[in-house]
>>> print(open('coords03.cif').read())   # mmCIF, C-alpha atoms and all ligand atoms
data_coords
#
loop_
_atom_site.label_atom_id
_atom_site.label_comp_id
_atom_site.auth_asym_id
_atom_site.auth_seq_id
_atom_site.Cartn_x
_atom_site.Cartn_y
_atom_site.Cartn_z
CA MET A 358 230.31 13.91 258.71
CA SER A 359 231.39 12.45 255.39
CA ARG A 360 234.69 13.31 253.79
CA PRO A 361 234.03 15.41 250.66
CA GLU A 362 236.02 15.39 247.43
CA LEU A 363 239.04 17.49 248.28
CA GLN A 364 241.73 18.80 245.97
CA ALA A 365 244.04 19.97 248.76
CA PRO A 366 247.29 18.14 249.46
CA PRO A 367 247.06 15.28 251.97
CA GLU A 368 249.81 16.56 254.30
CA ILE A 369 247.45 19.14 255.79
CA TYR A 370 245.23 16.45 257.28
CA TYR A 371 245.53 16.03 261.00
CA GLY A 372 245.07 12.44 262.18
CA ASP A 373 242.95 11.82 265.28
CA ALA A 374 246.00 11.66 267.55
CA GLU A 375 247.56 14.84 266.10
CA ALA A 376 244.29 16.74 266.42
CA LYS A 377 244.06 15.87 270.12
CA LYS A 378 247.75 16.57 270.72
CA TYR A 379 247.52 19.95 268.98
CA THR A 380 244.50 20.94 271.06
CA GLN A 381 245.82 19.77 274.43
CA ASN A 382 249.22 21.44 274.07
CA THR A 383 249.07 24.40 276.49
CA ARG A 384 251.60 26.43 274.51
CA ASN A 385 249.47 26.08 271.35
CA GLN A 386 246.42 27.07 273.35
CA GLN A 387 248.13 30.23 274.60
CA ILE A 388 249.53 31.23 271.19
CA GLN A 389 246.22 30.66 269.36
CA ARG A 390 244.32 32.53 272.10
CA ASP A 391 246.62 35.57 271.91
CA MET A 392 246.40 35.70 268.14
CA THR A 393 242.61 35.38 268.21
CA TYR A 394 242.33 38.28 270.68
CA ARG A 395 244.61 40.35 268.48
CA ALA A 396 242.55 39.44 265.38
CA LEU A 397 239.39 40.56 267.20
CA GLU A 398 241.11 43.81 268.18
CA LEU A 399 241.94 44.43 264.51
CA LEU A 400 238.41 43.47 263.47
CA ALA A 401 237.25 46.41 265.62
CA LEU A 402 233.59 45.45 265.91
CA PRO A 403 231.33 47.64 268.06
CA SER A 404 231.28 46.13 271.57
CA ASP A 405 227.57 46.78 272.18
CA GLN A 406 226.14 44.97 269.15
CA PRO A 407 225.69 41.29 268.31
CA ALA A 408 227.78 39.92 265.48
CA PHE A 409 227.79 36.73 263.46
CA LEU A 410 231.37 35.73 262.56
CA LEU A 411 233.03 33.16 260.34
CA ASP A 412 236.09 31.32 261.72
CA ILE A 413 238.03 30.16 258.65
CA GLY A 414 240.01 26.99 259.40
CA CYS A 415 238.46 26.77 262.85
CA GLY A 416 240.23 23.47 263.61
CA SER A 417 239.44 22.05 267.03
CA GLY A 418 237.92 25.33 268.23
CA LEU A 419 240.85 27.01 270.04
CA SER A 420 240.05 30.25 268.21
CA GLY A 421 236.28 29.61 268.36
CA GLU A 422 236.42 29.24 272.12
CA ILE A 423 237.51 32.89 272.36
CA LEU A 424 234.60 33.89 270.10
CA ASP A 425 232.28 32.08 272.54
CA GLU A 426 233.87 33.84 275.52
CA GLU A 427 233.54 37.21 273.83
CA GLY A 428 229.85 36.61 273.15
CA TYR A 429 229.92 36.22 269.37
CA VAL A 430 227.72 33.87 267.38
CA TRP A 431 229.89 32.06 264.86
CA ALA A 432 230.23 29.37 262.25
CA GLY A 433 233.51 27.58 261.53
CA VAL A 434 234.82 25.71 258.50
CA ASP A 435 237.72 23.28 258.36
CA ILE A 436 239.08 20.65 255.99
CA ALA A 437 240.11 18.16 258.71
CA PRO A 438 237.36 15.87 260.05
CA SER A 439 239.58 14.94 263.02
CA MET A 440 239.92 18.59 264.08
CA LEU A 441 236.16 19.14 263.78
CA GLU A 442 235.56 15.98 265.84
CA VAL A 443 237.65 17.45 268.65
CA ALA A 444 235.75 20.76 268.35
CA LEU A 445 232.47 18.81 268.70
CA GLU A 446 233.79 16.91 271.73
CA ARG A 447 234.82 20.20 273.32
CA GLU A 448 231.27 21.49 272.78
CA VAL A 449 232.17 24.82 271.20
CA GLU A 450 229.05 26.79 270.38
CA GLY A 451 229.73 27.54 266.71
CA ASP A 452 228.15 25.66 263.81
CA LEU A 453 230.81 23.54 262.14
CA PHE A 454 231.25 22.80 258.44
CA LEU A 455 233.61 20.33 256.81
CA GLN A 456 235.02 22.22 253.85
CA ASP A 457 238.11 22.96 251.79
CA ILE A 458 238.32 26.76 251.68
CA GLY A 459 240.32 26.53 248.43
CA GLN A 460 237.12 25.38 246.74
CA GLY A 461 235.29 28.50 247.90
CA PHE A 462 232.29 29.07 250.18
CA GLY A 463 228.63 28.51 249.46
CA PHE A 464 227.19 30.90 252.05
CA ARG A 465 224.45 33.34 251.15
CA PRO A 466 225.64 36.83 250.19
CA GLY A 467 226.07 39.13 253.19
CA SER A 468 225.74 36.33 255.78
CA PHE A 469 228.57 37.41 258.10
CA ASP A 470 229.39 40.57 260.03
CA GLY A 471 233.08 39.71 259.89
CA ALA A 472 235.56 36.85 259.69
CA ILE A 473 238.79 35.74 261.30
CA SER A 474 241.31 33.09 260.41
CA ILE A 475 244.17 31.97 262.64
CA SER A 476 247.17 30.11 261.18
CA VAL A 477 245.45 28.75 258.06
CA LEU A 478 246.01 30.85 254.93
CA GLN A 479 249.56 29.55 254.32
CA TRP A 480 248.06 26.15 253.50
CA LEU A 481 246.43 27.58 250.39
CA LEU A 482 249.88 28.54 249.13
CA ASN A 483 251.38 25.16 249.70
CA ALA A 484 249.23 23.24 247.23
CA GLU A 485 251.91 21.95 244.86
CA THR A 486 249.97 20.57 241.94
CA SER A 487 250.18 20.63 238.19
CA HIS A 488 246.39 20.77 237.79
CA PRO A 489 245.59 24.33 236.60
CA THR A 490 242.37 24.76 238.60
CA SER A 491 243.97 23.62 241.84
CA SER A 492 247.04 25.86 241.63
CA PRO A 493 247.50 28.31 244.55
CA PRO A 494 246.32 31.37 242.54
CA HIS A 495 243.12 29.55 241.52
CA ARG A 496 242.42 28.35 245.03
CA LEU A 497 243.13 31.80 246.47
CA ASN A 498 240.86 33.38 243.88
CA ARG A 499 237.94 31.07 244.71
CA PHE A 500 238.56 31.60 248.41
CA PHE A 501 238.65 35.42 248.29
CA THR A 502 235.81 35.95 245.78
CA THR A 503 233.34 33.72 247.65
CA LEU A 504 234.48 35.12 251.03
CA HIS A 505 233.88 38.67 249.79
CA SER A 506 230.36 37.79 248.77
CA ALA A 507 229.60 36.02 252.09
CA LEU A 508 230.37 39.23 254.02
CA ARG A 509 228.13 42.14 254.88
CA ASN A 510 228.93 45.57 253.48
CA PRO A 511 230.72 47.20 255.31
CA SER A 512 232.74 44.66 257.25
CA ARG A 513 236.25 43.34 257.88
CA VAL A 514 238.25 40.12 257.77
CA VAL A 515 241.45 39.51 259.74
CA LEU A 516 243.63 36.58 258.71
CA GLN A 517 246.76 35.74 260.69
CA PHE A 518 249.11 33.55 258.69
CA TYR A 519 252.73 32.46 258.25
CA PRO A 520 254.05 33.55 254.86
CA SER A 521 257.41 32.12 253.89
CA SER A 522 258.38 34.93 251.49
CA ASP A 523 257.46 38.45 250.37
CA ASP A 524 256.32 36.96 247.06
CA GLN A 525 253.65 34.96 248.93
CA ILE A 526 252.43 38.15 250.64
CA GLN A 527 252.37 39.89 247.26
CA LEU A 528 250.36 37.06 245.66
CA ILE A 529 247.81 36.92 248.48
CA THR A 530 247.23 40.68 248.63
CA SER A 531 246.89 41.02 244.86
CA VAL A 532 244.33 38.19 244.61
CA ALA A 533 242.39 39.67 247.56
CA GLN A 534 242.36 43.09 245.88
CA LYS A 535 241.11 41.61 242.60
CA ALA A 536 238.27 39.98 244.56
CA GLY A 537 237.17 43.45 245.70
CA PHE A 538 238.79 43.79 249.14
CA GLY A 539 240.60 46.86 250.41
CA GLY A 540 243.08 46.86 253.28
CA GLY A 541 246.52 45.32 253.59
CA ILE A 542 249.15 43.70 255.77
CA VAL A 543 249.73 44.49 259.46
CA VAL A 544 252.96 43.19 261.03
CA ASP A 545 253.24 43.03 264.83
CA TYR A 546 256.73 43.15 266.36
CA PRO A 547 258.43 43.25 262.94
CA ASN A 548 261.91 43.17 264.47
CA SER A 549 261.40 40.18 266.74
CA LYS A 550 262.21 36.74 265.38
CA LYS A 551 259.97 35.08 267.98
CA ALA A 552 257.05 37.45 268.35
CA ARG A 553 256.68 38.66 264.74
CA LYS A 554 253.11 38.05 263.52
CA VAL A 555 251.59 38.81 260.11
CA PHE A 556 247.90 39.71 259.75
CA LEU A 557 246.06 40.39 256.51
CA CYS A 558 243.36 42.96 257.36
CA LEU A 559 240.77 43.14 254.62
CA LEU A 560 237.95 45.64 254.25
CA VAL A 561 234.64 45.17 252.46
CA GLY A 562 232.79 48.29 251.21
CA GLY A 563 232.38 51.43 253.29
CA GLY A 564 234.84 53.43 251.14
CA VAL A 565 237.59 50.81 251.27
CA GLY A 566 240.04 53.17 249.56
CA GLN A 567 239.69 55.76 252.32
CA GLN A 568 240.00 53.44 255.32
CA GLN A 569 243.41 53.18 256.99
CA VAL A 570 245.02 49.80 257.60
CA PRO A 571 245.62 49.57 261.40
CA GLN A 572 249.14 49.95 262.81
CA GLY A 573 251.16 46.89 263.82
CA LEU A 574 252.35 46.54 267.42
CA GLN A 575 255.92 47.62 268.23
CA GLY A 576 258.13 47.42 271.30
CA GLU A 577 258.49 44.73 273.95
CA GLU A 578 256.09 41.86 273.39
CA GLU A 579 255.91 40.73 277.02
CA GLU A 580 255.02 44.19 278.32
CA ASP A 581 252.47 44.67 275.56
CA SER A 582 250.79 41.37 276.21
CA LYS A 583 250.44 42.22 279.95
CA ALA A 584 248.93 45.61 279.07
CA ARG A 585 246.57 43.96 276.59
CA CYS A 586 245.45 41.38 279.19
CA GLU A 587 244.73 44.26 281.53
CA ARG A 588 242.72 46.09 278.83
CA ARG A 589 240.80 42.88 278.11
CA ARG A 590 239.92 42.49 281.79
CA GLU A 591 238.76 46.11 281.92
CA ARG A 592 236.60 45.58 278.83
CA GLU A 593 235.16 42.45 280.41
CA LYS A 594 234.29 44.38 283.60
CA LEU A 595 232.69 47.18 281.59
CA ARG A 596 230.62 44.71 279.60
CA THR A 597 229.33 42.93 282.68
CA LYS A 598 228.50 46.27 284.29
CA SER A 599 226.61 47.48 281.24
CA GLY A 600 224.82 44.16 280.79
CA LYS A 601 227.28 42.57 278.29
CA ARG A 602 227.09 42.60 274.52
CA LYS A 603 223.50 43.15 273.42
CA SER A 604 221.65 39.84 273.74
CA VAL A 605 222.98 37.66 270.95
CA LYS A 606 219.75 35.74 270.68
CA ASP A 607 217.71 38.60 269.25
CA LYS A 608 215.69 38.48 266.02
CA ASP A 609 218.72 38.87 263.72
CA TRP A 610 220.52 36.04 265.50
CA ILE A 611 217.52 33.72 265.23
CA LEU A 612 217.02 34.51 261.53
CA LYS A 613 220.70 33.88 260.74
CA LYS A 614 220.71 30.64 262.71
CA LYS A 615 217.56 29.42 260.91
CA GLU A 616 219.08 30.33 257.56
CA LEU A 617 222.16 28.27 258.43
CA TYR A 618 220.09 25.28 259.49
CA ARG A 619 218.10 25.40 256.24
CA LYS A 620 221.34 25.59 254.27
CA ARG A 621 222.57 22.51 256.11
CA GLY A 622 219.40 20.68 255.07
CA LYS A 623 218.02 20.42 258.59
CA GLU A 624 214.35 19.45 258.59
CA GLY A 625 211.58 21.16 260.53
CA VAL A 626 213.12 24.64 260.75
CA PRO A 627 210.13 26.93 261.55
CA ASN A 628 209.11 29.53 258.97
CA ASP A 629 210.03 33.15 259.71
CA SER A 630 207.15 35.32 260.80
CA LYS A 631 206.48 38.66 262.47
CA TYR A 632 206.63 36.79 265.79
CA THR A 633 210.21 35.53 265.23
CA GLY A 634 212.42 36.65 268.14
CA ARG A 635 209.47 38.31 269.92
CA LYS A 636 210.13 38.90 273.61
CA ARG A 637 207.51 37.06 275.65
CA ARG A 638 206.24 38.53 278.83
CA ALA A 639 207.01 36.43 281.89
CA VAL A 640 203.97 34.48 283.08
CA PHE A 641 203.75 33.80 286.80
C1 LIG B 701 247.10 25.50 262.92
S1 LIG B 701 245.46 24.97 262.74
C2 LIG B 701 244.55 26.36 263.40
C3 LIG B 701 243.18 26.01 263.87
C4 LIG B 701 242.44 27.10 264.64
N1 LIG B 701 242.22 28.26 263.82
C5 LIG B 701 243.20 27.46 265.90
O1 LIG B 701 243.47 28.65 266.10
O2 LIG B 701 243.51 26.57 266.67
C6 LIG B 701 245.19 25.14 260.99
C7 LIG B 701 243.86 24.62 260.52
O3 LIG B 701 243.67 24.95 259.15
C8 LIG B 701 242.93 23.90 258.56
N2 LIG B 701 243.08 23.97 257.09
C9 LIG B 701 244.21 23.85 256.37
N3 LIG B 701 243.93 23.94 255.05
C10 LIG B 701 242.60 24.10 254.93
C11 LIG B 701 241.71 24.22 253.83
N4 LIG B 701 242.15 24.17 252.58
N5 LIG B 701 240.38 24.38 254.09
C12 LIG B 701 239.91 24.42 255.37
N6 LIG B 701 240.72 24.30 256.45
C13 LIG B 701 242.05 24.14 256.25
C14 LIG B 701 243.55 22.65 259.19
O4 LIG B 701 242.76 21.51 259.05
C15 LIG B 701 243.73 23.12 260.63
O5 LIG B 701 242.62 22.78 261.43
#
>>> encode(input="coords03.cif", output="C-alpha cells", more="lines below")
Ligand SMILES: C[S@@+](CC[C@H](N)C(=O)[O-])C[C@H]1O[C@@H](n2cnc3c(N)ncnc32)[C@H](O)[C@@H]1O
Amino acid sequence: MSRPELQAPPEIYYGDAEAKKYTQNTRNQQIQRDMTYRALELLALPSDQPAFLLDIGCGSGLSGEILDEEGYVWAGVDIAPSMLEVALEREVEGDLFLQDIGQGFGFRPGSFDGAISISVLQWLLNAETSHPTSSPPHRLNRFFTTLHSALRNPSRVVLQFYPSSDDQIQLITSVAQKAGFGGGIVVDYPNSKKARKVFLCLLVGGGVGQQQVPQGLQGEEEEDSKARCERRREREKLRTKSGKRKSVKDKDWILKKKELYRKRGKEGVPNDSKYTGRKRRAVF
C-alpha cells in the first residue's frame, strides 16, 4: 500500500508499535467490541438477509472482526497504513482501503446496505488548519455527501464518536442533514461519566422525516451489558438453528465483490453473466 496525499493532521497517525499496542490491549478490544455490537443493534438490519457494510475508520479490524462474526460482508477504510497492516496480519475478511475519509469516498452510488464507524468521527473535527478546503466543515461536508451517495436507499449509518462539546454535535448533525441524511443523536447512559456513549444514527431515504431516532440506553450499564450478552447468545442460537444469515455468497454478494475488485484495478475479474452465483448441483 502506498501512502496517498493526505490533508489530515499528522497526530492521527498510529506508528507500527502503537497500532499493535492498541489492538492487543484487552480493554480496548472489549470496549470496541461492545460499541460495535451496539452500533449493529442501532443499525437494525434484518437478521435473515445478507448485507454489505462499510466500516469507516476500520483501524486494525477490532470492529470488523465483529462484522465477520455476525456474518456480514464488509469493506473498511482507514487513514493509517500501520493500522491496516495489523488488520491484514489478523486476516480479517473485509476488503481494506487506505483513505482519508475527510477527502470523501469514491464508491459507486448505492454500494452499501449500511455503514458503521467506531471512535473515528471526532478526528474530522480536530483538523486545525487555515486552508479553507481542509477546514472541519469542508471535510465533514465531503465525508457526508459522498457517504450518502455510497449508500443504498433506504439504509442507515451508525457512527459512535467522542464529541468534546455540544457545538461539535451541532456542527456534525447540521452538515449531515445538508448532505441529505435524516436521523439524529442517540446517547446511551447519559448520566454516567464512564459509560456515556454518543452515537449519530443517520437514515437514508425511506421517508427519513417519519422515521424515529432510536432510544438511548438508560439504567445500570453492567446489568444492561449482561442482558445484552444474553440476547446476543440467544440470537446466535436462533441463527444456527435456522441455518444462519442467508448465505452471504449469493449472487448479490458475488456481484458486489467483483465490482469492488474492478474498482481496485484488479486484473482478470470475470465478466458478469446469467450464470454468476448459479448454484451447481453436486457431482458424485
Ligand atoms: C480508535 S481507532 C478505531 C478503529 C476501529 N474502528 C476499532 O473499533 O478498533 C480510530 C481510527 O480512525 C482512523 N482515522 C482517523 N482519522 C481518519 C481519517 N481522516 N480517515 C480515515 N480514518 C481515520 C485512525 O487511523 C484509527 O484507525
>>> closest_residue(input="coords03.cif", among="A:Lys378, A:Lys608, A:Arg384, A:Arg390", to="ligand LIG 701 (chain B)", atoms="all atoms listed in the file")
A:Arg390
>>> closest_atom_pairs(input="coords03.cif", of="chain A", to="ligand LIG 701 (chain B)", cutoff="7 Å", atoms="only C-alpha atoms and all ligand atoms", output="CSV")
residue,atom,partner,partner_atom,distance
A:Ala365,CA,B:LIG701,N4,6.0
A:Ile369,CA,B:LIG701,C9,5.7
A:Tyr370,CA,B:LIG701,O4,5.9
A:Tyr371,CA,B:LIG701,O4,6.4
A:Gln389,CA,B:LIG701,O1,4.7
A:Ile413,CA,B:LIG701,N6,6.8
A:Gly414,CA,B:LIG701,N6,4.1
A:Cys415,CA,B:LIG701,N1,4.2
A:Gly416,CA,B:LIG701,O5,3.3
A:Ser417,CA,B:LIG701,O2,6.1
A:Gly418,CA,B:LIG701,O2,5.9
A:Leu419,CA,B:LIG701,O2,4.3
A:Ser420,CA,B:LIG701,O1,4.3
A:Val434,CA,B:LIG701,C12,6.1
A:Asp435,CA,B:LIG701,N6,3.7
A:Ile436,CA,B:LIG701,C12,3.9
A:Ala437,CA,B:LIG701,O4,4.3
A:Met440,CA,B:LIG701,O5,5.6
A:Gln456,CA,B:LIG701,C12,5.6
A:Asp457,CA,B:LIG701,N5,3.5
A:Ile458,CA,B:LIG701,N5,4.0
A:Gly459,CA,B:LIG701,N4,5.1
A:Ser474,CA,B:LIG701,N1,6.0
A:Ile475,CA,B:LIG701,N1,4.4
A:Ser476,CA,B:LIG701,C1,4.9
A:Val477,CA,B:LIG701,O3,4.3
A:Trp480,CA,B:LIG701,N3,4.9
A:Leu481,CA,B:LIG701,N4,5.9
>>> closest_residue(input="coords03.cif", among="A:Ser512, A:Ser439, A:Gln406, A:Gln569", to="Glu427 of chain A", atoms="only C-alpha atoms")
A:Gln406
>>> residues_around(input="coords03.cif", residues="Ala536 of chain A", least_positions_apart="3", cutoff="8 Å", atoms="all atoms listed in the file", output="number ranges by chain")
A: 498, 501-502, 505, 532-533
>>> write_last_selection(input="coords03.cif", atoms="C-alpha atoms", output="tab-separated table (two decimals), in the coordinates of the input")
chain	number	residue	atom	x	y	z
A	498	ASN	CA	240.86	33.38	243.88
A	501	PHE	CA	238.65	35.42	248.29
A	502	THR	CA	235.81	35.95	245.78
A	505	HIS	CA	233.88	38.67	249.79
A	532	VAL	CA	244.33	38.19	244.61
A	533	ALA	CA	242.39	39.67	247.56
>>> atom_distance(input="coords03.cif", atom1="atom CA of Arg509 of chain A", atom2="atom CA of Phe464 of chain A")
11.6 Å
>>> residues_near_point(input="coords03.cif", point="(240.8, 51.2, 250.8)", cutoff="12 Å", atoms="all atoms listed in the file", output="list in words")
Pro511, Arg513, Gln534, Gly537, Phe538, Gly539, Gly540, Gly541, Cys558, Leu559, Leu560, Val561, Gly562, Gly563, Gly564, Val565, Gly566, Gln567, Gln568, Gln569, Val570 and Pro571 of chain A
>>> closest_residue(input="coords03.cif", among="A:Val449, A:Gln387, A:Thr633, A:Glu375", to="Asp609 of chain A", atoms="only C-alpha atoms")
A:Thr633
>>> closest_residue(input="coords03.cif", among="A:Val515, A:Leu424, A:Val430, A:Leu445", to="Ala396 of chain A", atoms="only C-alpha atoms")
A:Val515
>>> atom_distance(input="coords03.cif", atom1="atom CA of Ala552 of chain A", atom2="atom CA of Ser531 of chain A")
25.8 Å
>>> atom_distance(input="coords03.cif", atom1="atom CA of Leu399 of chain A", atom2="atom CA of Asp425 of chain A")
17.6 Å
>>> residues_near_point(input="coords03.cif", point="(230.0, 33.4, 266.6)", cutoff="9 Å", atoms="only C-alpha atoms", output="list in words")
Ala408, Phe409, Leu410, Leu411, Asp412, Gly421, Leu424, Asp425, Glu427, Gly428, Tyr429, Val430, Trp431, Ala432, Gly433, Glu450, Gly451 and Asp452 of chain A
>>> closest_residue(input="coords03.cif", among="A:Arg465, A:Gln527, A:Asp391, A:Ala401", to="Glu578 of chain A", atoms="all atoms listed in the file")
A:Asp391
>>> closest_residue(input="coords03.cif", among="A:Asn382, A:Ser630, A:Met392, A:Ala472", to="Arg553 of chain A", atoms="only C-alpha atoms")
A:Met392
>>> residues_around(input="coords03.cif", residues="Gly463 of chain A", least_positions_apart="3", cutoff="9 Å", atoms="all atoms listed in the file", output="PDB file with C-alpha atoms, in the coordinates of the input")
ATOM      1  CA  PRO A 466     225.640  36.830 250.190  1.00  0.00           C
ATOM      2  CA  THR A 503     233.340  33.720 247.650  1.00  0.00           C
ATOM      3  CA  LEU A 504     234.480  35.120 251.030  1.00  0.00           C
ATOM      4  CA  ALA A 507     229.600  36.020 252.090  1.00  0.00           C
TER       5      ALA A 507
END
>>> decode(input="coords03.cif", residues="segment 538-562 of chain A", atoms="N, CA and C atoms", output="PDB file, in the first residue's frame")
ATOM      1  N   PHE A 538     -29.139  13.383   4.894  1.00  0.00           N
ATOM      2  CA  PHE A 538     -29.474  12.365   5.895  1.00  0.00           C
ATOM      3  C   PHE A 538     -30.590  12.847   6.813  1.00  0.00           C
ATOM      4  N   GLY A 539     -31.400  11.882   7.289  1.00  0.00           N
ATOM      5  CA  GLY A 539     -32.293  12.135   8.411  1.00  0.00           C
ATOM      6  C   GLY A 539     -31.649  11.521   9.644  1.00  0.00           C
ATOM      7  N   GLY A 540     -32.406  11.514  10.747  1.00  0.00           N
ATOM      8  CA  GLY A 540     -31.901  10.851  11.958  1.00  0.00           C
ATOM      9  C   GLY A 540     -31.379  11.833  12.977  1.00  0.00           C
ATOM     10  N   GLY A 541     -30.550  11.383  13.884  1.00  0.00           N
ATOM     11  CA  GLY A 541     -30.038  12.265  14.930  1.00  0.00           C
ATOM     12  C   GLY A 541     -29.165  11.525  15.923  1.00  0.00           C
ATOM     13  N   ILE A 542     -29.005  12.165  17.068  1.00  0.00           N
ATOM     14  CA  ILE A 542     -28.064  11.663  18.093  1.00  0.00           C
ATOM     15  C   ILE A 542     -28.770  10.744  19.095  1.00  0.00           C
ATOM     16  N   VAL A 543     -28.118   9.632  19.430  1.00  0.00           N
ATOM     17  CA  VAL A 543     -28.587   8.724  20.477  1.00  0.00           C
ATOM     18  C   VAL A 543     -27.510   8.709  21.562  1.00  0.00           C
ATOM     19  N   VAL A 544     -27.907   8.976  22.809  1.00  0.00           N
ATOM     20  CA  VAL A 544     -26.919   8.945  23.899  1.00  0.00           C
ATOM     21  C   VAL A 544     -27.265   7.803  24.846  1.00  0.00           C
ATOM     22  N   ASP A 545     -26.351   6.857  25.006  1.00  0.00           N
ATOM     23  CA  ASP A 545     -26.515   5.762  25.972  1.00  0.00           C
ATOM     24  C   ASP A 545     -25.969   6.200  27.325  1.00  0.00           C
ATOM     25  N   TYR A 546     -26.636   5.825  28.375  1.00  0.00           N
ATOM     26  CA  TYR A 546     -26.233   6.136  29.761  1.00  0.00           C
ATOM     27  C   TYR A 546     -25.822   7.600  29.903  1.00  0.00           C
ATOM     28  N   PRO A 547     -26.751   8.533  29.598  1.00  0.00           N
ATOM     29  CA  PRO A 547     -26.367   9.957  29.581  1.00  0.00           C
ATOM     30  C   PRO A 547     -25.869  10.477  30.918  1.00  0.00           C
ATOM     31  N   ASN A 548     -26.278   9.797  32.019  1.00  0.00           N
ATOM     32  CA  ASN A 548     -25.884  10.323  33.334  1.00  0.00           C
ATOM     33  C   ASN A 548     -24.631   9.678  33.909  1.00  0.00           C
ATOM     34  N   SER A 549     -24.035   8.775  33.160  1.00  0.00           N
ATOM     35  CA  SER A 549     -22.836   8.110  33.674  1.00  0.00           C
ATOM     36  C   SER A 549     -21.584   8.703  33.022  1.00  0.00           C
ATOM     37  N   LYS A 550     -20.653   9.114  33.863  1.00  0.00           N
ATOM     38  CA  LYS A 550     -19.411   9.704  33.348  1.00  0.00           C
ATOM     39  C   LYS A 550     -18.632   8.661  32.553  1.00  0.00           C
ATOM     40  N   LYS A 551     -18.655   7.400  33.065  1.00  0.00           N
ATOM     41  CA  LYS A 551     -17.822   6.343  32.494  1.00  0.00           C
ATOM     42  C   LYS A 551     -18.476   5.678  31.278  1.00  0.00           C
ATOM     43  N   ALA A 552     -19.772   5.419  31.415  1.00  0.00           N
ATOM     44  CA  ALA A 552     -20.424   4.585  30.394  1.00  0.00           C
ATOM     45  C   ALA A 552     -21.102   5.388  29.283  1.00  0.00           C
ATOM     46  N   ARG A 553     -21.174   6.720  29.431  1.00  0.00           N
ATOM     47  CA  ARG A 553     -21.869   7.547  28.442  1.00  0.00           C
ATOM     48  C   ARG A 553     -21.275   7.339  27.050  1.00  0.00           C
ATOM     49  N   LYS A 554     -22.136   7.060  26.070  1.00  0.00           N
ATOM     50  CA  LYS A 554     -21.654   6.871  24.695  1.00  0.00           C
ATOM     51  C   LYS A 554     -22.564   7.641  23.743  1.00  0.00           C
ATOM     52  N   VAL A 555     -21.955   8.296  22.759  1.00  0.00           N
ATOM     53  CA  VAL A 555     -22.735   9.087  21.796  1.00  0.00           C
ATOM     54  C   VAL A 555     -22.700   8.404  20.429  1.00  0.00           C
ATOM     55  N   PHE A 556     -23.876   8.199  19.854  1.00  0.00           N
ATOM     56  CA  PHE A 556     -23.991   7.594  18.523  1.00  0.00           C
ATOM     57  C   PHE A 556     -24.761   8.561  17.630  1.00  0.00           C
ATOM     58  N   LEU A 557     -24.254   8.764  16.421  1.00  0.00           N
ATOM     59  CA  LEU A 557     -25.019   9.519  15.422  1.00  0.00           C
ATOM     60  C   LEU A 557     -25.690   8.482  14.524  1.00  0.00           C
ATOM     61  N   CYS A 558     -27.027   8.443  14.570  1.00  0.00           N
ATOM     62  CA  CYS A 558     -27.769   7.440  13.771  1.00  0.00           C
ATOM     63  C   CYS A 558     -28.391   8.149  12.585  1.00  0.00           C
ATOM     64  N   LEU A 559     -27.884   7.848  11.400  1.00  0.00           N
ATOM     65  CA  LEU A 559     -28.339   8.561  10.207  1.00  0.00           C
ATOM     66  C   LEU A 559     -29.176   7.662   9.308  1.00  0.00           C
ATOM     67  N   LEU A 560     -30.181   8.256   8.693  1.00  0.00           N
ATOM     68  CA  LEU A 560     -31.101   7.495   7.846  1.00  0.00           C
ATOM     69  C   LEU A 560     -31.018   8.006   6.414  1.00  0.00           C
ATOM     70  N   VAL A 561     -31.019   7.072   5.479  1.00  0.00           N
ATOM     71  CA  VAL A 561     -31.040   7.440   4.055  1.00  0.00           C
ATOM     72  C   VAL A 561     -32.393   7.007   3.495  1.00  0.00           C
ATOM     73  N   GLY A 562     -33.115   7.944   2.880  1.00  0.00           N
ATOM     74  CA  GLY A 562     -34.375   7.614   2.181  1.00  0.00           C
ATOM     75  C   GLY A 562     -35.414   6.984   3.078  1.00  0.00           C
TER      76      GLY A 562
END
